[in-house]
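Have a look at my_file38.cif; it's mmCIF, C-alpha atoms:
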data_query
#
loop_
_atom_site.label_atom_id
_atom_site.label_comp_id
_atom_site.auth_asym_id
_atom_site.auth_seq_id
_atom_site.Cartn_x
_atom_site.Cartn_y
_atom_site.Cartn_z
CA MET A 1 155.06 160.90 55.59
CA PHE A 2 157.07 158.58 57.89
CA GLY A 3 155.56 155.28 56.92
CA GLU A 4 152.11 153.75 57.12
CA LYS A 5 152.51 152.32 60.59
CA THR A 6 154.04 155.47 62.05
CA ASP A 7 151.43 157.70 60.42
CA PHE A 8 148.67 155.55 61.85
CA ILE A 9 150.18 155.70 65.35
CA ILE A 10 150.52 159.50 65.18
CA ILE A 11 146.98 160.02 63.89
CA ALA A 12 145.48 157.53 66.35
CA SER A 13 147.36 159.14 69.26
CA ALA A 14 146.23 162.64 68.27
CA PHE A 15 142.62 161.51 67.86
CA SER A 16 142.71 159.65 71.19
CA LEU A 17 144.10 162.69 73.00
CA PHE A 18 141.42 164.91 71.46
CA ALA A 19 138.67 162.42 72.38
CA VAL A 20 139.87 162.13 75.98
CA LEU A 21 140.06 165.91 76.42
CA PHE A 22 136.71 166.52 74.68
CA PHE A 23 134.75 163.85 76.52
CA GLY A 24 136.57 164.59 79.79
CA TYR A 25 135.61 168.26 79.67
CA PHE A 26 131.95 167.54 78.96
CA PHE A 27 131.90 164.75 81.54
CA LEU A 28 133.12 167.19 84.21
CA TYR A 29 130.58 169.74 83.00
CA ALA A 30 127.75 167.17 83.20
CA TYR A 31 129.00 165.93 86.56
CA GLY A 32 128.89 169.51 87.82
CA LYS A 33 125.32 169.94 86.62
CA TYR A 34 123.97 166.85 88.35
CA PHE A 35 126.25 166.45 91.36
CA GLY A 36 127.84 169.87 91.86
CA LYS A 37 127.21 171.96 94.93
CA GLU A 38 124.40 174.44 94.34
CA VAL A 39 125.29 177.94 95.49
CA ASP A 40 123.85 181.42 95.24
CA ALA A 41 125.55 183.77 92.80
CA VAL A 42 125.06 187.52 92.74
CA ILE A 43 124.94 189.30 89.39
CA ILE A 44 127.55 192.06 89.42
CA ALA A 45 127.35 193.19 85.78
CA THR A 46 124.87 192.78 82.94
CA PRO A 47 125.31 193.30 79.20
CA GLY A 48 124.00 196.49 77.64
CA SER A 49 121.85 194.43 75.28
CA ALA A 50 121.45 190.74 74.56
CA GLY A 51 122.51 189.92 71.06
CA ARG A 52 124.36 187.00 69.57
CA LYS A 53 127.74 187.93 71.02
CA ASN A 54 126.92 190.30 73.86
CA ASN A 55 124.96 188.00 76.15
CA ARG A 56 127.17 187.55 79.19
CA ALA A 57 126.33 188.71 82.65
CA VAL A 58 129.05 188.47 85.28
CA VAL A 59 128.19 186.73 88.54
CA ALA A 60 130.17 186.47 91.77
CA VAL A 61 130.43 183.23 93.73
CA ASP A 62 132.61 183.41 96.84
CA ASN A 63 134.47 186.47 95.51
CA GLU A 64 135.22 184.79 92.17
CA ALA A 65 133.73 186.14 88.95
CA TYR A 66 132.17 183.82 86.37
CA ASP A 67 130.40 184.45 83.07
CA TYR A 68 126.68 183.73 83.14
CA TYR A 69 125.28 183.39 79.63
CA LEU A 70 121.80 184.84 79.11
CA SER A 71 119.39 184.13 76.30
CA ARG A 72 117.66 187.05 74.68
CA ARG A 73 114.41 186.00 76.39
CA GLU A 74 116.08 185.91 79.80
CA TYR A 75 117.62 189.33 79.24
CA ASN A 76 114.36 190.90 78.08
CA SER A 77 112.40 189.41 81.00
CA GLY A 78 114.10 191.88 83.36
CA LYS A 79 114.79 189.24 86.02
CA PHE A 80 118.56 189.49 85.68
CA GLN A 81 119.50 192.90 87.07
CA VAL A 82 122.61 193.84 89.03
CA GLY A 83 122.31 192.55 92.59
CA THR A 84 119.91 189.72 91.74
CA THR A 85 120.73 186.31 93.21
CA VAL A 86 120.61 183.24 90.96
CA LYS A 87 121.17 179.55 91.70
CA VAL A 88 124.16 177.99 89.95
CA ARG A 89 126.37 174.95 90.37
CA VAL A 90 130.13 175.43 90.50
CA VAL A 91 132.54 173.07 88.72
CA PRO A 92 135.88 173.96 90.37
CA ILE A 93 138.07 171.65 88.27
CA ILE A 94 137.33 173.51 85.02
CA SER A 95 136.57 176.87 86.70
CA THR A 96 133.07 177.35 85.37
CA ILE A 97 129.47 177.42 86.52
CA VAL A 98 126.52 175.40 85.31
CA THR A 99 122.91 176.53 85.35
CA ASN A 100 119.73 174.47 85.23
CA THR A 101 119.20 175.48 81.60
CA ASP A 102 122.58 174.11 80.41
CA TYR A 103 122.69 170.78 78.59
CA PRO A 104 126.33 169.62 78.80
CA GLU A 105 125.49 166.10 77.68
CA LEU A 106 124.07 167.24 74.33
CA PRO A 107 127.37 167.68 72.40
CA VAL A 108 128.57 164.26 73.55
CA ALA A 109 125.28 162.63 72.50
CA ILE A 110 125.46 164.26 69.07
CA ILE A 111 129.07 163.18 68.51
CA LEU A 112 128.30 159.61 69.61
CA LEU A 113 125.25 159.53 67.33
CA VAL A 114 127.27 160.71 64.32
CA PHE A 115 130.04 158.19 64.98
CA GLY A 116 127.47 155.46 65.63
CA ILE A 117 125.74 156.10 62.31
CA GLY A 118 129.06 156.32 60.47
CA PHE A 119 130.62 153.20 61.94
CA GLY A 120 127.32 151.33 62.04
CA GLY A 121 126.97 151.70 58.30
CA THR A 122 130.48 150.37 57.84
CA PHE A 123 130.17 147.34 60.12
CA PHE A 124 126.62 146.30 59.30
CA LYS A 125 126.85 146.18 55.52
CA LYS A 126 125.40 143.10 53.92
#
In structure tokens, how does this file's structure come out?
Amino acid sequence: MFGEKTDFIIIASAFSLFAVLFFGYFFLYAYGKYFGKEVDAVIIATPGSAGRKNNRAVVAVDNEAYDYYLSRREYNSGKFQVGTTVKVRVVPIISTIVTNTDYPELPVAIILLVFGIGFGGTFFKK
């Protein structure tokens, strides 16, 4: 479009910005899971049923509402009713909560594995 060098700089800059934002978000999420302050959250609303899209309960932590995602098994267990207290960790920088069942490091590990296999095959050819 502009020239090979300019195109490379634009694409590399866009990819670098995406990578920094992607890995930064999941780093903060993982940091919140392992080093965040554990607090009690009160469930203030539950979904009518737990399906693929309707699986969010709303919890309150210090008068702030957060979405608490339930699996179908958790919803059907009956443990998560309005007024129930659950333990969560708050990540204030990205305004979200993390539970013990979240795995924020999994997407980063998968992306690194895919890139590692892709670039490894390129660099280690005989």
Using all atoms listed in the file, tabulate the residues of segment 72-115 of chain A lying at most 8 Å from any atom of segment 28-32 of chain A, each with its closest atom pair and that distance in Å to one decimal, by chain and increasing residue number, as a Markdown table.
| residue | atom | partner | partner_atom | distance |
| --- | --- | --- | --- | --- |
| A:Arg89 | CA | A:Gly32 | CA | 6.5 |
| A:Val90 | CA | A:Gly32 | CA | 6.6 |
| A:Val91 | CA | A:Gly32 | CA | 5.2 |
| A:Ile93 | CA | A:Leu28 | CA | 7.8 |
| A:Ile94 | CA | A:Leu28 | CA | 7.6 |
| A:Val98 | CA | A:Gly32 | CA | 6.8 |
| A:Tyr103 | CA | A:Ala30 | CA | 7.7 |
| A:Pro104 | CA | A:Ala30 | CA | 5.2 |
| A:Glu105 | CA | A:Ala30 | CA | 6.1 |
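For the choices A:Leu113, A:Tyr75, A:Phe26, A:Val42, the atom-to-atom distance to Asn54 of chain A is smallest for A:Tyr75 when using all atoms listed in the file.
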Extract, using only C-alpha atoms, all DNA, RNA and protein residues at most 12 Å from Gly48 of chain A, discarding same-chain residues fewer than 4 positions from it, and format them as a count of residues only. 12
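We find atom CA of Lys5 of chain A and atom CA of Val108 of chain A to be spaced 29.7 Å apart.
Atom to atom, atom CA of Pro107 of chain A and atom CA of Tyr25 of chain A stand 11.0 Å apart.
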For a test of reading the model, state the distance in Å between atom CA of Val88 of chain A and atom CA of Val59 of chain A, rounded to one decimal. 9.7 Å
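Contact shell of Val58 of chain A at 7 Å (all atoms listed in the file; same-chain neighbours under 6 positions omitted): Ile43, Ile44, Ala45, Thr46, Ala65, Tyr66, Asp67 and Tyr68 of chain A.
Nearest-residue note for Glu38 of chain A: choosing from A:Ile11, A:Val61, A:Val114, A:Leu106, the minimum distance belongs to A:Val61, counting all atoms listed in the file.
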Env of Lys87 of chain A: 9 Å cut, atoms = all atoms listed in the file, seq-sep filter 3 positions within chain, self excluded. Answer as an NGL selection string. :A and (38-42 or 99-100)
Nearest to Glu74 of chain A among A:Thr101, A:Phe15, A:Ala60, A:Pro92, with distances taken over only C-alpha atoms: which residue is it? A:Thr101
Got a minute to add N, CA and C atoms to segment 87-113 of chain A and dump it as a short mmCIF file (atom, residue, chain, number, x, y, z; two decimals), keeping the file's coordinate frame?
data_model
loop_
_atom_site.label_atom_id
_atom_site.label_comp_id
_atom_site.auth_asym_id
_atom_site.auth_seq_id
_atom_site.Cartn_x
_atom_site.Cartn_y
_atom_site.Cartn_z
N LYS A 87 120.63 180.84 91.28
CA LYS A 87 121.17 179.55 91.70
C LYS A 87 122.04 178.98 90.57
N VAL A 88 123.25 178.61 90.91
CA VAL A 88 124.16 177.99 89.95
C VAL A 88 124.88 176.84 90.65
N ARG A 89 125.51 176.01 89.84
CA ARG A 89 126.37 174.95 90.37
C ARG A 89 127.79 175.23 89.90
N VAL A 90 128.73 175.12 90.81
CA VAL A 90 130.13 175.43 90.50
C VAL A 90 130.87 174.13 90.17
N VAL A 91 131.66 174.18 89.09
CA VAL A 91 132.54 173.07 88.72
C VAL A 91 133.97 173.58 88.91
N PRO A 92 134.58 173.34 90.07
CA PRO A 92 135.88 173.96 90.37
C PRO A 92 137.03 173.44 89.52
N ILE A 93 136.95 172.21 89.02
CA ILE A 93 138.07 171.65 88.27
C ILE A 93 138.29 172.40 86.97
N ILE A 94 137.19 172.79 86.29
CA ILE A 94 137.33 173.51 85.02
C ILE A 94 136.96 174.98 85.17
N SER A 95 136.81 175.45 86.38
CA SER A 95 136.57 176.87 86.70
C SER A 95 135.40 177.46 85.90
N THR A 96 134.25 176.84 86.04
CA THR A 96 133.07 177.35 85.37
C THR A 96 131.84 177.10 86.24
N ILE A 97 130.73 177.66 85.83
CA ILE A 97 129.47 177.42 86.52
C ILE A 97 128.50 176.77 85.54
N VAL A 98 127.54 176.06 86.09
CA VAL A 98 126.52 175.40 85.31
C VAL A 98 125.17 175.83 85.85
N THR A 99 124.26 176.15 84.94
CA THR A 99 122.91 176.53 85.35
C THR A 99 121.96 175.38 85.05
N ASN A 100 120.72 175.51 85.49
CA ASN A 100 119.73 174.47 85.23
C ASN A 100 119.32 174.41 83.77
N THR A 101 119.59 175.47 83.01
CA THR A 101 119.20 175.48 81.60
C THR A 101 120.31 174.99 80.68
N ASP A 102 121.48 174.64 81.22
CA ASP A 102 122.58 174.11 80.41
C ASP A 102 122.35 172.63 80.14
N TYR A 103 122.77 172.19 78.96
CA TYR A 103 122.69 170.78 78.59
C TYR A 103 124.09 170.30 78.18
N PRO A 104 124.96 170.00 79.14
CA PRO A 104 126.33 169.62 78.80
C PRO A 104 126.44 168.26 78.14
N GLU A 105 125.42 167.43 78.29
CA GLU A 105 125.49 166.10 77.68
C GLU A 105 125.09 166.10 76.21
N LEU A 106 124.54 167.18 75.72
CA LEU A 106 124.07 167.24 74.33
C LEU A 106 125.19 167.12 73.30
N PRO A 107 126.31 167.86 73.39
CA PRO A 107 127.37 167.68 72.40
C PRO A 107 127.93 166.26 72.36
N VAL A 108 128.06 165.63 73.51
CA VAL A 108 128.57 164.26 73.55
C VAL A 108 127.58 163.31 72.88
N ALA A 109 126.30 163.48 73.13
CA ALA A 109 125.28 162.63 72.50
C ALA A 109 125.28 162.80 70.98
N ILE A 110 125.44 164.02 70.52
CA ILE A 110 125.46 164.26 69.07
C ILE A 110 126.68 163.62 68.43
N ILE A 111 127.85 163.78 69.05
CA ILE A 111 129.07 163.18 68.51
C ILE A 111 128.96 161.65 68.49
N LEU A 112 128.45 161.07 69.57
CA LEU A 112 128.30 159.61 69.61
C LEU A 112 127.30 159.13 68.56
N LEU A 113 126.24 159.89 68.34
CA LEU A 113 125.25 159.53 67.33
C LEU A 113 125.86 159.56 65.94
#
